[in-house]
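query27.tsv follows (TSV, C-alpha atoms):
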chain	number	residue	atom	x	y	z
A	430	MET	CA	24.46	7.02	-41.10
A	431	ARG	CA	26.69	8.26	-38.30
A	432	ARG	CA	24.64	11.44	-38.04
A	433	THR	CA	21.41	9.44	-37.83
A	434	ILE	CA	22.85	7.43	-34.94
A	435	LEU	CA	23.83	10.67	-33.23
A	436	TYR	CA	20.23	11.92	-33.53
A	437	LEU	CA	18.93	8.67	-32.05
A	438	LEU	CA	21.42	8.91	-29.19
A	439	ALA	CA	20.26	12.48	-28.59
A	440	GLY	CA	16.72	11.06	-28.50
A	441	LEU	CA	17.80	8.60	-25.82
A	442	VAL	CA	19.30	11.40	-23.71
A	443	LEU	CA	16.18	13.52	-24.18
A	444	GLY	CA	14.08	10.48	-23.22
A	445	GLY	CA	16.06	10.17	-20.00
A	446	ILE	CA	15.40	13.82	-19.21
A	447	ILE	CA	11.66	13.35	-19.93
A	448	HIS	CA	11.65	10.28	-17.65
A	449	ILE	CA	13.23	12.20	-14.75
A	450	ALA	CA	10.84	15.11	-15.30
A	451	VAL	CA	7.80	12.77	-15.31
A	452	ILE	CA	8.89	11.08	-12.07
A	453	LEU	CA	9.49	14.42	-10.32
A	454	ILE	CA	6.44	16.26	-11.64
A	455	LEU	CA	3.85	13.46	-11.36
A	456	PRO	CA	3.08	14.00	-7.61
A	457	GLN	CA	2.33	17.70	-8.26
A	458	PHE	CA	-0.39	16.94	-10.80
A	459	ALA	CA	-1.90	13.77	-9.34
A	460	SER	CA	-5.66	14.03	-8.96
A	461	ARG	CA	-6.33	10.42	-7.93
A	462	ASP	CA	-3.83	10.18	-5.10
A	463	ILE	CA	-4.91	9.03	-1.66
A	464	TRP	CA	-5.31	12.57	-0.31
A	465	ASN	CA	-7.83	13.43	-3.03
A	466	ARG	CA	-9.67	10.16	-2.44
A	467	VAL	CA	-9.99	10.92	1.28
A	468	MET	CA	-11.03	14.53	0.55
A	469	ALA	CA	-13.91	13.14	-1.49
A	470	MET	CA	-15.24	11.31	1.58
A	471	ASP	CA	-17.35	12.94	4.26
A	472	ALA	CA	-14.69	12.18	6.86
A	473	LEU	CA	-13.86	15.56	8.42
A	474	GLU	CA	-13.80	14.98	12.18
A	475	ASP	CA	-15.68	11.75	11.64
A	476	MET	CA	-14.39	8.18	11.55
A	477	VAL	CA	-15.78	6.68	8.36
A	478	VAL	CA	-15.71	2.88	8.24
A	479	LEU	CA	-15.08	1.69	4.69
A	480	ALA	CA	-17.28	-0.90	3.03
A	481	PRO	CA	-15.82	-4.42	2.83
A	482	ILE	CA	-14.06	-5.42	-0.36
A	483	ALA	CA	-15.98	-8.05	-2.30
A	484	PRO	CA	-14.66	-10.11	-5.23
A	485	GLY	CA	-15.04	-8.36	-8.58
A	486	GLU	CA	-15.47	-4.91	-7.08
A	487	ASP	CA	-13.14	-2.01	-7.80
A	488	ASN	CA	-10.56	-1.57	-5.09
A	489	PRO	CA	-8.75	1.67	-6.00
A	490	MET	CA	-7.11	2.06	-2.59
A	491	GLN	CA	-5.88	-1.56	-2.75
A	492	LEU	CA	-7.41	-2.42	0.60
A	493	ASP	CA	-6.92	-5.82	2.17
A	494	PRO	CA	-10.28	-7.67	2.25
A	495	ALA	CA	-9.26	-9.29	5.56
A	496	LEU	CA	-9.24	-5.98	7.41
A	497	VAL	CA	-11.74	-3.38	8.59
A	498	TYR	CA	-10.72	0.19	7.78
A	499	GLY	CA	-11.67	3.50	9.37
A	500	LEU	CA	-10.65	6.86	7.89
A	501	CYS	CA	-10.91	10.30	9.44
A	502	ARG	CA	-9.68	13.70	8.24
A	503	LEU	CA	-8.60	16.54	10.50
A	504	SER	CA	-7.53	20.16	10.06
A	505	LEU	CA	-5.03	21.28	12.67
A	506	ALA	CA	-5.12	24.95	11.61
A	507	GLU	CA	-7.34	26.00	14.52
A	508	ALA	CA	-6.78	23.27	17.09
A	509	PRO	CA	-4.89	20.00	17.66
A	510	GLY	CA	-6.52	16.71	16.77
A	511	LEU	CA	-7.51	13.87	19.03
A	512	VAL	CA	-8.15	10.23	18.22
A	513	ASN	CA	-9.28	8.07	21.10
A	514	GLY	CA	-11.36	5.07	21.96
A	515	THR	CA	-11.18	1.35	22.50
A	516	MET	CA	-10.07	-0.90	19.70
A	517	PRO	CA	-11.33	-4.46	19.36
A	518	PHE	CA	-9.34	-7.53	20.41
A	519	GLY	CA	-6.72	-8.73	17.96
A	520	PHE	CA	-4.39	-6.91	15.63
A	521	TRP	CA	-4.99	-3.23	14.97
A	522	SER	CA	-2.85	-0.42	13.66
A	523	VAL	CA	-3.12	3.31	13.15
A	524	ALA	CA	-1.33	5.54	10.65
A	525	VAL	CA	-1.35	9.32	10.27
A	526	TYR	CA	-0.88	10.72	6.76
A	527	ASN	CA	-0.01	14.28	5.68
A	528	ASN	CA	-1.66	16.11	2.80
A	529	GLN	CA	0.82	14.58	0.36
A	530	GLY	CA	-0.46	11.15	1.34
A	531	HIS	CA	2.77	10.18	3.11
A	532	VAL	CA	2.74	8.35	6.42
A	533	ILE	CA	4.09	10.60	9.18
A	534	TYR	CA	3.41	8.18	12.03
A	535	SER	CA	2.27	4.60	12.42
A	536	THR	CA	1.99	2.08	15.22
A	537	THR	CA	0.26	-1.18	16.06
A	538	ASN	CA	-1.40	-2.77	19.09
A	539	ARG	CA	1.90	-4.48	19.84
A	540	SER	CA	3.44	-1.13	20.88
A	541	GLY	CA	2.06	-1.80	24.35
A	542	SER	CA	-1.06	0.32	24.59
A	543	GLY	CA	-3.35	-2.71	24.64
A	544	ARG	CA	-6.79	-1.96	23.28
A	545	ALA	CA	-6.88	1.71	24.21
A	546	ILE	CA	-5.89	4.39	21.76
A	547	ASP	CA	-5.43	7.98	22.90
A	548	MET	CA	-3.51	10.02	20.37
A	549	GLY	CA	-3.05	13.77	20.09
A	550	ILE	CA	-1.95	15.21	16.75
A	551	PHE	CA	-0.28	18.60	16.78
A	552	ASN	CA	1.14	20.84	14.06
A	553	GLN	CA	4.60	22.32	14.55
A	554	ALA	CA	3.39	25.52	16.25
A	555	GLN	CA	1.16	23.54	18.61
A	556	THR	CA	4.03	21.17	19.40
A	557	ARG	CA	6.10	24.21	20.40
A	558	LEU	CA	3.32	25.39	22.71
A	559	LEU	CA	3.12	21.87	24.09
A	560	ALA	CA	6.83	21.90	24.87
A	561	GLU	CA	6.39	25.23	26.63
A	562	GLN	CA	3.52	23.66	28.60
A	563	ARG	CA	1.07	26.24	27.24
A	564	ILE	CA	-1.31	23.48	26.11
A	565	GLU	CA	-2.66	21.11	28.73
A	566	ILE	CA	-3.01	17.48	27.81
A	567	GLY	CA	-4.06	14.37	29.68
A	568	ASP	CA	-1.59	11.84	31.05
A	569	GLY	CA	-0.64	9.07	28.68
A	570	LEU	CA	-1.62	10.93	25.51
A	571	MET	CA	0.40	9.65	22.57
A	572	ILE	CA	1.79	12.75	20.86
A	573	VAL	CA	2.19	12.93	17.10
A	574	GLU	CA	3.72	15.96	15.37
A	575	ALA	CA	2.34	16.66	11.91
A	576	ASP	CA	4.23	18.54	9.21
A	577	SER	CA	1.04	19.94	7.69
A	578	ASP	CA	-2.27	21.27	9.00
A	579	ASP	CA	-4.29	18.91	6.85
A	580	ILE	CA	-3.95	15.27	7.81
A	581	PHE	CA	-5.93	12.09	7.87
A	582	VAL	CA	-5.87	9.05	10.10
A	583	ALA	CA	-6.33	5.47	8.91
A	584	MET	CA	-7.18	2.74	11.38
A	585	ARG	CA	-6.92	-0.91	10.48
A	586	ALA	CA	-8.26	-3.81	12.49
A	587	ALA	CA	-8.10	-7.51	11.68
A	588	PRO	CA	-11.08	-9.59	12.85
A	589	PRO	CA	-9.83	-13.03	13.94
A	590	HIS	CA	-12.82	-14.48	12.11
A	591	GLU	CA	-15.28	-13.12	9.53
A	592	ALA	CA	-18.14	-13.69	11.99
A	593	MET	CA	-16.60	-10.97	14.16
A	594	ARG	CA	-16.45	-8.34	11.40
A	595	ALA	CA	-19.68	-6.58	12.45
A	596	GLY	CA	-18.31	-6.06	15.98
A	597	PHE	CA	-15.09	-4.65	14.58
A	598	VAL	CA	-17.03	-2.24	12.36
A	599	GLU	CA	-18.95	-1.03	15.42
A	600	ALA	CA	-15.74	-0.61	17.41
A	601	LEU	CA	-14.05	1.45	14.70
A	602	ASP	CA	-17.18	3.51	14.15
A	603	ALA	CA	-17.16	4.42	17.84
A	604	ILE	CA	-13.58	5.80	17.76
A	605	ARG	CA	-13.61	9.55	18.41
A	606	CYS	CA	-11.72	11.66	15.88
A	607	LEU	CA	-12.05	15.39	16.37
A	608	ASN	CA	-10.28	18.64	17.13
A	609	ILE	CA	-9.55	19.51	20.76
A	610	ARG	CA	-11.47	22.71	21.42
B	278	MET	CA	14.02	16.28	-45.73
B	279	LEU	CA	16.57	13.99	-44.11
B	280	LEU	CA	16.99	16.48	-41.28
B	281	ILE	CA	13.23	16.45	-40.60
B	282	LEU	CA	13.19	12.65	-40.60
B	283	ARG	CA	16.12	12.56	-38.18
B	284	LEU	CA	14.44	15.09	-35.88
B	285	LEU	CA	11.20	13.11	-35.99
B	286	GLY	CA	13.13	9.96	-35.17
B	287	MET	CA	14.89	11.69	-32.29
B	288	PHE	CA	11.62	12.94	-30.77
B	289	ALA	CA	9.94	9.57	-31.27
B	290	VAL	CA	12.79	7.86	-29.41
B	291	ALA	CA	12.72	10.54	-26.69
B	292	LEU	CA	8.96	10.23	-26.10
B	293	ALA	CA	8.97	6.44	-26.21
B	294	VAL	CA	11.92	6.20	-23.82
B	295	GLY	CA	10.70	9.00	-21.51
B	296	PHE	CA	7.12	7.88	-21.02
B	297	GLY	CA	7.68	4.16	-21.59
B	298	LEU	CA	10.45	4.03	-19.02
B	299	SER	CA	8.32	5.95	-16.51
B	300	SER	CA	5.35	3.63	-16.95
B	301	TYR	CA	7.57	0.55	-16.75
B	302	ALA	CA	9.40	1.77	-13.66
B	303	LEU	CA	6.20	2.64	-11.80
B	304	THR	CA	4.35	-0.58	-12.59
B	305	ASP	CA	6.10	-2.57	-9.88
B	306	GLY	CA	9.33	-0.74	-9.33
B	307	ARG	CA	11.28	-2.99	-11.62
B	308	LEU	CA	14.00	-0.46	-12.27
B	309	LEU	CA	14.32	1.41	-9.01
B	310	GLY	CA	12.43	1.64	-5.78
B	311	ALA	CA	11.23	-1.92	-5.22
B	312	ALA	CA	12.70	-4.71	-3.13
B	313	ARG	CA	12.44	-8.08	-4.83
B	314	SER	CA	12.57	-11.64	-3.63
B	315	GLY	CA	11.95	-14.10	-6.43
B	316	PRO	CA	8.69	-13.10	-8.11
B	317	TRP	CA	7.61	-10.93	-5.16
B	318	ALA	CA	8.08	-7.16	-5.22
B	319	ALA	CA	7.41	-4.53	-2.54
B	320	TRP	CA	8.10	-0.83	-2.22
B	321	PRO	CA	10.19	-0.54	0.96
B	322	GLU	CA	9.91	3.27	1.28
B	323	VAL	CA	6.19	3.44	0.68
B	324	GLY	CA	5.41	3.84	4.40
B	325	GLU	CA	8.01	6.50	5.10
B	326	ILE	CA	7.42	10.21	5.61
B	327	ASP	CA	9.92	11.20	2.93
B	328	PRO	CA	10.03	8.46	0.28
B	329	ASP	CA	12.32	8.53	-2.75
B	330	PRO	CA	11.04	10.18	-5.98
B	331	TYR	CA	10.07	6.87	-7.59
B	332	THR	CA	8.03	5.84	-4.57
B	333	ARG	CA	6.38	9.29	-4.46
B	334	ALA	CA	5.45	9.00	-8.13
B	335	TYR	CA	4.15	5.46	-7.58
B	336	LEU	CA	1.94	6.61	-4.68
B	337	SER	CA	0.61	9.57	-6.66
B	338	ARG	CA	-0.12	7.44	-9.70
B	339	THR	CA	-1.85	4.60	-7.90
B	340	GLY	CA	-3.64	6.41	-5.05
B	341	ILE	CA	-3.31	3.39	-2.76
B	342	LEU	CA	-3.71	3.51	1.00
B	343	GLN	CA	-0.22	2.32	1.79
B	344	LEU	CA	0.83	0.72	5.05
B	345	GLY	CA	2.99	2.71	7.43
B	346	LEU	CA	6.49	1.51	8.21
B	347	ALA	CA	5.39	0.05	11.57
B	348	GLU	CA	2.27	-1.59	10.17
B	349	GLY	CA	3.53	-3.98	7.56
B	350	VAL	CA	4.66	-4.64	4.00
B	351	ARG	CA	2.64	-5.54	0.92
B	352	PHE	CA	4.23	-7.85	-1.66
B	353	VAL	CA	2.83	-8.36	-5.15
B	354	ALA	CA	3.75	-11.09	-7.64
B	355	SER	CA	2.52	-11.12	-11.21
B	356	GLU	CA	4.80	-13.96	-12.34
B	357	ASP	CA	5.60	-17.40	-11.01
B	358	SER	CA	9.09	-18.31	-9.81
B	359	ALA	CA	10.02	-19.45	-13.33
B	360	GLY	CA	9.20	-16.00	-14.71
B	361	ALA	CA	5.95	-16.91	-16.51
B	362	PRO	CA	3.04	-14.46	-16.08
B	363	LEU	CA	0.34	-15.72	-13.70
B	364	ASP	CA	-2.73	-16.93	-15.56
B	365	ALA	CA	-5.99	-17.69	-13.75
B	366	ALA	CA	-6.55	-20.67	-16.07
B	367	CYS	CA	-3.54	-22.40	-14.47
B	368	ARG	CA	-2.93	-24.05	-11.10
B	369	TYR	CA	-0.26	-22.65	-8.81
B	370	ARG	CA	1.37	-23.85	-5.63
B	371	ILE	CA	2.80	-21.36	-3.15
B	372	TYR	CA	5.31	-23.09	-0.97
B	373	GLY	CA	7.85	-22.00	1.62
B	374	GLN	CA	8.56	-19.82	4.60
B	375	THR	CA	7.44	-16.24	5.00
B	376	PRO	CA	9.26	-13.54	6.98
B	377	ALA	CA	8.35	-13.45	10.67
B	378	ALA	CA	5.22	-11.33	11.07
B	379	ALA	CA	2.24	-11.04	13.40
B	380	PHE	CA	0.19	-12.55	10.57
B	381	TRP	CA	-0.19	-12.35	6.82
B	382	THR	CA	-2.98	-12.46	4.27
B	383	LEU	CA	-2.96	-13.72	0.70
B	384	GLU	CA	-5.36	-12.70	-2.05
B	385	ALA	CA	-5.52	-12.99	-5.80
B	386	THR	CA	-6.49	-9.92	-7.81
B	387	ASP	CA	-6.70	-8.95	-11.45
B	388	LEU	CA	-4.13	-6.45	-12.69
B	389	ALA	CA	-6.43	-3.57	-11.69
B	390	GLY	CA	-6.51	-4.79	-8.09
B	391	ARG	CA	-10.01	-6.35	-8.09
B	392	ASN	CA	-10.22	-9.50	-5.98
B	393	ILE	CA	-10.83	-12.55	-8.20
B	394	ALA	CA	-11.81	-15.10	-5.56
B	395	ALA	CA	-14.58	-17.46	-6.62
B	396	SER	CA	-16.54	-16.92	-3.42
B	397	PRO	CA	-17.09	-13.81	-1.26
B	398	ASP	CA	-16.91	-16.13	1.76
B	399	LEU	CA	-13.29	-16.98	1.02
B	400	SER	CA	-11.81	-13.99	-0.76
B	401	TYR	CA	-8.43	-14.32	0.97
B	402	LEU	CA	-6.35	-16.68	3.08
B	403	HIS	CA	-5.17	-15.78	6.59
B	404	SER	CA	-1.93	-17.19	8.01
B	405	GLU	CA	-3.63	-18.20	11.24
B	406	ARG	CA	-6.36	-20.12	9.45
B	407	ILE	CA	-4.31	-22.42	7.22
B	408	ALA	CA	-2.81	-25.84	7.82
B	409	ARG	CA	0.99	-25.82	8.01
B	410	GLY	CA	3.45	-28.31	6.62
B	411	PRO	CA	6.62	-29.64	8.30
B	412	GLY	CA	8.67	-26.86	9.84
B	413	GLY	CA	5.71	-24.51	9.65
B	414	VAL	CA	5.95	-23.96	5.92
B	415	ALA	CA	2.97	-22.63	4.04
B	416	ASP	CA	1.69	-24.86	1.23
B	417	ILE	CA	-1.15	-23.23	-0.67
B	418	ALA	CA	-2.89	-24.07	-3.91
B	419	VAL	CA	-4.24	-21.21	-6.01
B	420	ALA	CA	-6.56	-22.54	-8.68
B	421	ALA	CA	-10.08	-22.44	-10.04
B	422	ASP	CA	-10.32	-26.24	-9.68
B	423	LEU	CA	-10.62	-28.10	-6.42
B	424	ALA	CA	-7.29	-28.65	-4.69
B	425	PRO	CA	-6.42	-30.56	-1.49
B	426	GLY	CA	-5.12	-28.74	1.58
B	427	ASN	CA	-5.07	-24.95	1.67
B	428	TRP	CA	-6.93	-23.76	-1.38
B	429	LEU	CA	-7.45	-20.21	-2.57
B	430	GLU	CA	-10.21	-20.70	-5.09
B	431	ILE	CA	-10.17	-18.18	-7.90
B	432	ALA	CA	-12.82	-17.44	-10.51
B	433	PRO	CA	-12.57	-19.72	-13.55
B	434	GLU	CA	-12.64	-16.95	-16.16
B	435	GLY	CA	-8.87	-17.08	-16.69
B	436	GLY	CA	-6.58	-14.25	-17.72
B	437	PRO	CA	-3.61	-12.56	-16.10
B	438	PHE	CA	-3.70	-11.99	-12.38
B	439	GLN	CA	-1.45	-11.19	-9.45
B	440	LEU	CA	-0.95	-12.49	-5.95
B	441	VAL	CA	-0.84	-10.07	-3.03
B	442	LEU	CA	0.85	-11.20	0.17
B	443	THR	CA	0.58	-8.64	2.97
B	444	LEU	CA	2.69	-9.10	6.08
B	445	TYR	CA	1.56	-7.25	9.20
B	446	ASP	CA	3.77	-6.03	12.02
B	447	VAL	CA	6.93	-7.16	10.28
B	448	VAL	CA	10.50	-5.87	10.44
B	449	LEU	CA	12.02	-6.01	6.99
B	450	PHE	CA	13.19	-2.67	5.72
B	451	SER	CA	13.92	-0.75	8.91
B	452	GLY	CA	17.68	-1.18	8.53
B	453	THR	CA	18.02	-3.14	11.75
B	454	GLY	CA	18.51	-6.39	9.88
B	455	ALA	CA	16.07	-8.06	12.24
B	456	GLY	CA	14.03	-9.52	9.40
B	457	THR	CA	15.06	-11.62	6.44
B	458	LEU	CA	13.49	-11.42	3.03
B	459	GLU	CA	12.64	-15.09	2.58
B	460	MET	CA	9.52	-15.40	0.48
B	461	PRO	CA	7.70	-18.52	-0.70
B	462	THR	CA	8.13	-19.80	-4.23
B	463	ILE	CA	5.27	-19.79	-6.73
B	464	LEU	CA	5.25	-23.01	-8.71
B	465	GLY	CA	3.24	-23.16	-11.92
B	466	GLY	CA	1.18	-26.24	-12.77
B	467	ASP	CA	-1.34	-27.45	-15.32
B	468	CYS	CA	-3.45	-25.00	-17.30
B	469	ALA	CA	-7.03	-25.52	-18.38

Hey, can you dump this file as structure tokens for me?
Amino acid sequence: MRRTILYLLAGLVLGGIIHIAVILILPQFASRDIWNRVMAMDALEDMVVLAPIAPGEDNPMQLDPALVYGLCRLSLAEAPGLVNGTMPFGFWSVAVYNNQGHVIYSTTNRSGSGRAIDMGIFNQAQTRLLAEQRIEIGDGLMIVEADSDDIFVAMRAAPPHEAMRAGFVEALDAIRCLNIR
Amino acid sequence: MLLILRLLGMFAVALAVGFGLSSYALTDGRLLGAARSGPWAAWPEVGEIDPDPYTRAYLSRTGILQLGLAEGVRFVASEDSAGAPLDAACRYRIYGQTPAAAFWTLEATDLAGRNIAASPDLSYLHSERIARGPGGVADIAVAADLAPGNWLEIAPEGGPFQLVLTLYDVVLFSGTGAGTLEMPTILGGDCA
């Protein structure tokens, strides 16, 4: 009996090791993470406005039905990225994600930039060149340093009323998202 | 023979504990990773550049488009404040203060994240479009049947569901202590 209990205790310890291994290994083998979802969209250097979330429809990215979303993917391998344009009135936010799907930068309209967004995204080598003033940028450009060459940008905007959603979709669709060449 | 049975038992325990614990922990961060206030749970590190291993695993498993740290926090409740699982056949009352935020939204979804509102014209509630009680408290009914005041009408099919309360432009987990985690209670009522 005592030996059986020892085997079960060993099973518990082994279970703990399996649990830790699963938690640590899972991100390496994920095929449905947000990066893969964005890769599946035609969003390279193009702001794609996502369809609204209707009741009963699948919502794999767990989007808020109250908001309008724009997604854009950029590769910084050859050149820095630029996101600029005029956001609609009301709440908006922007987040930059790396290729692991982690947020490397986020801000909202309450940071003081009003409706205008003018953001440059640089990889580490480009940031170094920027510091050495070997890349020229415009005044007032918000600088974001990315830890990977492959990134994507998510823009969120909250229409004050559903009747204004179409205007918000147009505004997000008009945001420029491209490499600076 | 006894040795084989013991080994089989050991491996059965190991697999059940290893995978069961992982699934349980990643469902809503019940073991590690989540911040809780009553029935509400959120992943505080989900919007950070270098989240903890549990949060990383949660993000990889779910594939959600998480909010950045500066953007807001998403709370999910799958039980009422008494600990009973939410059932769409029942009436619920959400009552109390929410943390200070630019605004918040409330929606009801099934456990897979599909919105279960009865009408596409009112699939969520917005903090700026509800009537407030004394002291600015939110008082919201979530039910398939008509309710007075603020009413989030859900589809009458019944079954388990969850409430998602997303706070935008809120300071909760930044370590400054500027925000307090005071969430509304979810009171269960009659069931059909």

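All residues of protein, DNA or RNA that reach within 10 Å of Ile434 (chain A), judged by all atoms listed in the file and not counting those fewer than 4 positions away in the chain, are A:Met430, A:Leu438, A:Ala439, A:Gly440, B:Arg283, B:Met287.
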
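Comparing the minimum interatomic distances between chain A and each of B:Arg313, B:Arg370, B:Arg391, B:Arg351, counting all atoms listed in the file, we find that B:Arg391 sits nearest.
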
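Straight-line separation from CA of Phe518 (chain A) to CA of Pro376 (chain B): 23.7 Å.
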
Mind running chain B against chain A at 8 Å and telling me each contacting residue's nearest atom pair with the distance in Å (one decimal), counting all atoms listed in the file, chain and number ascending, as a Markdown table?
| residue | atom | partner | partner_atom | distance |
| --- | --- | --- | --- | --- |
| B:Arg283 | CA | A:Thr433 | CA | 6.2 |
| B:Leu284 | CA | A:Tyr436 | CA | 7.0 |
| B:Gly286 | CA | A:Leu437 | CA | 6.7 |
| B:Met287 | CA | A:Gly440 | CA | 4.3 |
| B:Phe288 | CA | A:Gly440 | CA | 5.9 |
| B:Ala289 | CA | A:Gly440 | CA | 7.5 |
| B:Val290 | CA | A:Gly440 | CA | 5.1 |
| B:Ala291 | CA | A:Gly444 | CA | 3.7 |
| B:Leu292 | CA | A:Gly444 | CA | 5.9 |
| B:Ala293 | CA | A:Gly444 | CA | 7.2 |
| B:Val294 | CA | A:Gly444 | CA | 4.8 |
| B:Gly295 | CA | A:Gly444 | CA | 4.1 |
| B:Phe296 | CA | A:His448 | CA | 6.1 |
| B:Leu298 | CA | A:His448 | CA | 6.5 |
| B:Ser299 | CA | A:His448 | CA | 5.6 |
| B:Val323 | CA | A:His531 | CA | 7.9 |
| B:Gly324 | CA | A:Val532 | CA | 5.6 |
| B:Glu325 | CA | A:Val532 | CA | 5.7 |
| B:Ile326 | CA | A:Ile533 | CA | 4.9 |
| B:Asp327 | CA | A:His531 | CA | 7.2 |
| B:Pro328 | CA | A:His531 | CA | 8.0 |
| B:Pro330 | CA | A:Leu453 | CA | 6.3 |
| B:Tyr331 | CA | A:Ile452 | CA | 6.3 |
| B:Arg333 | CA | A:Pro456 | CA | 6.6 |
| B:Ala334 | CA | A:Pro456 | CA | 5.6 |
| B:Leu336 | CA | A:Asp462 | CA | 6.8 |
| B:Ser337 | CA | A:Asp462 | CA | 4.7 |
| B:Arg338 | CA | A:Asp462 | CA | 6.5 |
| B:Thr339 | CA | A:Asp462 | CA | 6.5 |
| B:Gly340 | CA | A:Asp462 | CA | 3.8 |
| B:Ile341 | CA | A:Met490 | CA | 4.0 |
| B:Leu342 | CA | A:Met490 | CA | 5.2 |
| B:Leu344 | CA | A:Ala524 | CA | 7.7 |
| B:Gly345 | CA | A:Ser535 | CA | 5.4 |
| B:Leu346 | CA | A:Ser535 | CA | 6.7 |
| B:Ala347 | CA | A:Thr536 | CA | 5.4 |
| B:Glu348 | CA | A:Thr537 | CA | 6.2 |
| B:Thr382 | CA | A:Ala495 | CA | 7.2 |
| B:Ala389 | CA | A:Asp487 | CA | 7.9 |
| B:Gly390 | CA | A:Asn488 | CA | 6.0 |
| B:Arg391 | CA | A:Asp487 | CA | 5.4 |
| B:Asn392 | CA | A:Pro484 | CA | 4.5 |
| B:Ile393 | CA | A:Pro484 | CA | 5.4 |
| B:Ala394 | CA | A:Pro484 | CA | 5.8 |
| B:Ala395 | CA | A:Pro484 | CA | 7.5 |
| B:Ser396 | CA | A:Pro484 | CA | 7.3 |
| B:Pro397 | CA | A:Pro484 | CA | 5.9 |
| B:Ser400 | CA | A:Pro484 | CA | 6.6 |
| B:Tyr401 | CA | A:Ala495 | CA | 6.9 |
| B:His403 | CA | A:Ala495 | CA | 7.7 |
| B:Asp446 | CA | A:Thr537 | CA | 7.2 |

Keeping C-alpha atoms for every residue in the selection just given, could you write it to a file as an mmCIF file, in the frame of the given file?
data_model
loop_
_atom_site.group_PDB
_atom_site.id
_atom_site.type_symbol
_atom_site.label_atom_id
_atom_site.label_comp_id
_atom_site.auth_asym_id
_atom_site.auth_seq_id
_atom_site.Cartn_x
_atom_site.Cartn_y
_atom_site.Cartn_z
ATOM 1 C CA ARG B 283 16.120 12.560 -38.180
ATOM 2 C CA LEU B 284 14.440 15.090 -35.880
ATOM 3 C CA GLY B 286 13.130 9.960 -35.170
ATOM 4 C CA MET B 287 14.890 11.690 -32.290
ATOM 5 C CA PHE B 288 11.620 12.940 -30.770
ATOM 6 C CA ALA B 289 9.940 9.570 -31.270
ATOM 7 C CA VAL B 290 12.790 7.860 -29.410
ATOM 8 C CA ALA B 291 12.720 10.540 -26.690
ATOM 9 C CA LEU B 292 8.960 10.230 -26.100
ATOM 10 C CA ALA B 293 8.970 6.440 -26.210
ATOM 11 C CA VAL B 294 11.920 6.200 -23.820
ATOM 12 C CA GLY B 295 10.700 9.000 -21.510
ATOM 13 C CA PHE B 296 7.120 7.880 -21.020
ATOM 14 C CA LEU B 298 10.450 4.030 -19.020
ATOM 15 C CA SER B 299 8.320 5.950 -16.510
ATOM 16 C CA VAL B 323 6.190 3.440 0.680
ATOM 17 C CA GLY B 324 5.410 3.840 4.400
ATOM 18 C CA GLU B 325 8.010 6.500 5.100
ATOM 19 C CA ILE B 326 7.420 10.210 5.610
ATOM 20 C CA ASP B 327 9.920 11.200 2.930
ATOM 21 C CA PRO B 328 10.030 8.460 0.280
ATOM 22 C CA PRO B 330 11.040 10.180 -5.980
ATOM 23 C CA TYR B 331 10.070 6.870 -7.590
ATOM 24 C CA ARG B 333 6.380 9.290 -4.460
ATOM 25 C CA ALA B 334 5.450 9.000 -8.130
ATOM 26 C CA LEU B 336 1.940 6.610 -4.680
ATOM 27 C CA SER B 337 0.610 9.570 -6.660
ATOM 28 C CA ARG B 338 -0.120 7.440 -9.700
ATOM 29 C CA THR B 339 -1.850 4.600 -7.900
ATOM 30 C CA GLY B 340 -3.640 6.410 -5.050
ATOM 31 C CA ILE B 341 -3.310 3.390 -2.760
ATOM 32 C CA LEU B 342 -3.710 3.510 1.000
ATOM 33 C CA LEU B 344 0.830 0.720 5.050
ATOM 34 C CA GLY B 345 2.990 2.710 7.430
ATOM 35 C CA LEU B 346 6.490 1.510 8.210
ATOM 36 C CA ALA B 347 5.390 0.050 11.570
ATOM 37 C CA GLU B 348 2.270 -1.590 10.170
ATOM 38 C CA THR B 382 -2.980 -12.460 4.270
ATOM 39 C CA ALA B 389 -6.430 -3.570 -11.690
ATOM 40 C CA GLY B 390 -6.510 -4.790 -8.090
ATOM 41 C CA ARG B 391 -10.010 -6.350 -8.090
ATOM 42 C CA ASN B 392 -10.220 -9.500 -5.980
ATOM 43 C CA ILE B 393 -10.830 -12.550 -8.200
ATOM 44 C CA ALA B 394 -11.810 -15.100 -5.560
ATOM 45 C CA ALA B 395 -14.580 -17.460 -6.620
ATOM 46 C CA SER B 396 -16.540 -16.920 -3.420
ATOM 47 C CA PRO B 397 -17.090 -13.810 -1.260
ATOM 48 C CA SER B 400 -11.810 -13.990 -0.760
ATOM 49 C CA TYR B 401 -8.430 -14.320 0.970
ATOM 50 C CA HIS B 403 -5.170 -15.780 6.590
ATOM 51 C CA ASP B 446 3.770 -6.030 12.020
#

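Of note, CA of Ile550 (chain A) and CA of Gly499 (chain A) are spaced 16.9 Å apart.
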
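Between CA of Phe597 (chain A) and CA of Arg610 (chain A) lies a distance of 28.4 Å.
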
- Query: Looking at A:Arg605, A:Arg431, A:Arg544, A:Arg557, which one is nearest to Val582 (chain A), with distances taken over all atoms listed in the file?
  - Reply: A:Arg605

Can you build me a table of region 302-374 of chain B residues sitting at most 12 Å from region 429-432 of chain B, with the closest atom pair per residue and its distance in Å to one decimal, using only C-alpha atoms, sorted by chain and residue number, as JSON lines?
{"residue": "B:Asp364", "atom": "CA", "partner": "B:Ile431", "partner_atom": "CA", "distance": 10.8}
{"residue": "B:Ala365", "atom": "CA", "partner": "B:Ile431", "partner_atom": "CA", "distance": 7.2}
{"residue": "B:Ala366", "atom": "CA", "partner": "B:Ala432", "partner_atom": "CA", "distance": 9.0}
{"residue": "B:Cys367", "atom": "CA", "partner": "B:Ile431", "partner_atom": "CA", "distance": 10.2}
{"residue": "B:Arg368", "atom": "CA", "partner": "B:Ile431", "partner_atom": "CA", "distance": 9.9}
{"residue": "B:Tyr369", "atom": "CA", "partner": "B:Leu429", "partner_atom": "CA", "distance": 9.8}
{"residue": "B:Arg370", "atom": "CA", "partner": "B:Leu429", "partner_atom": "CA", "distance": 10.0}
{"residue": "B:Ile371", "atom": "CA", "partner": "B:Leu429", "partner_atom": "CA", "distance": 10.3}
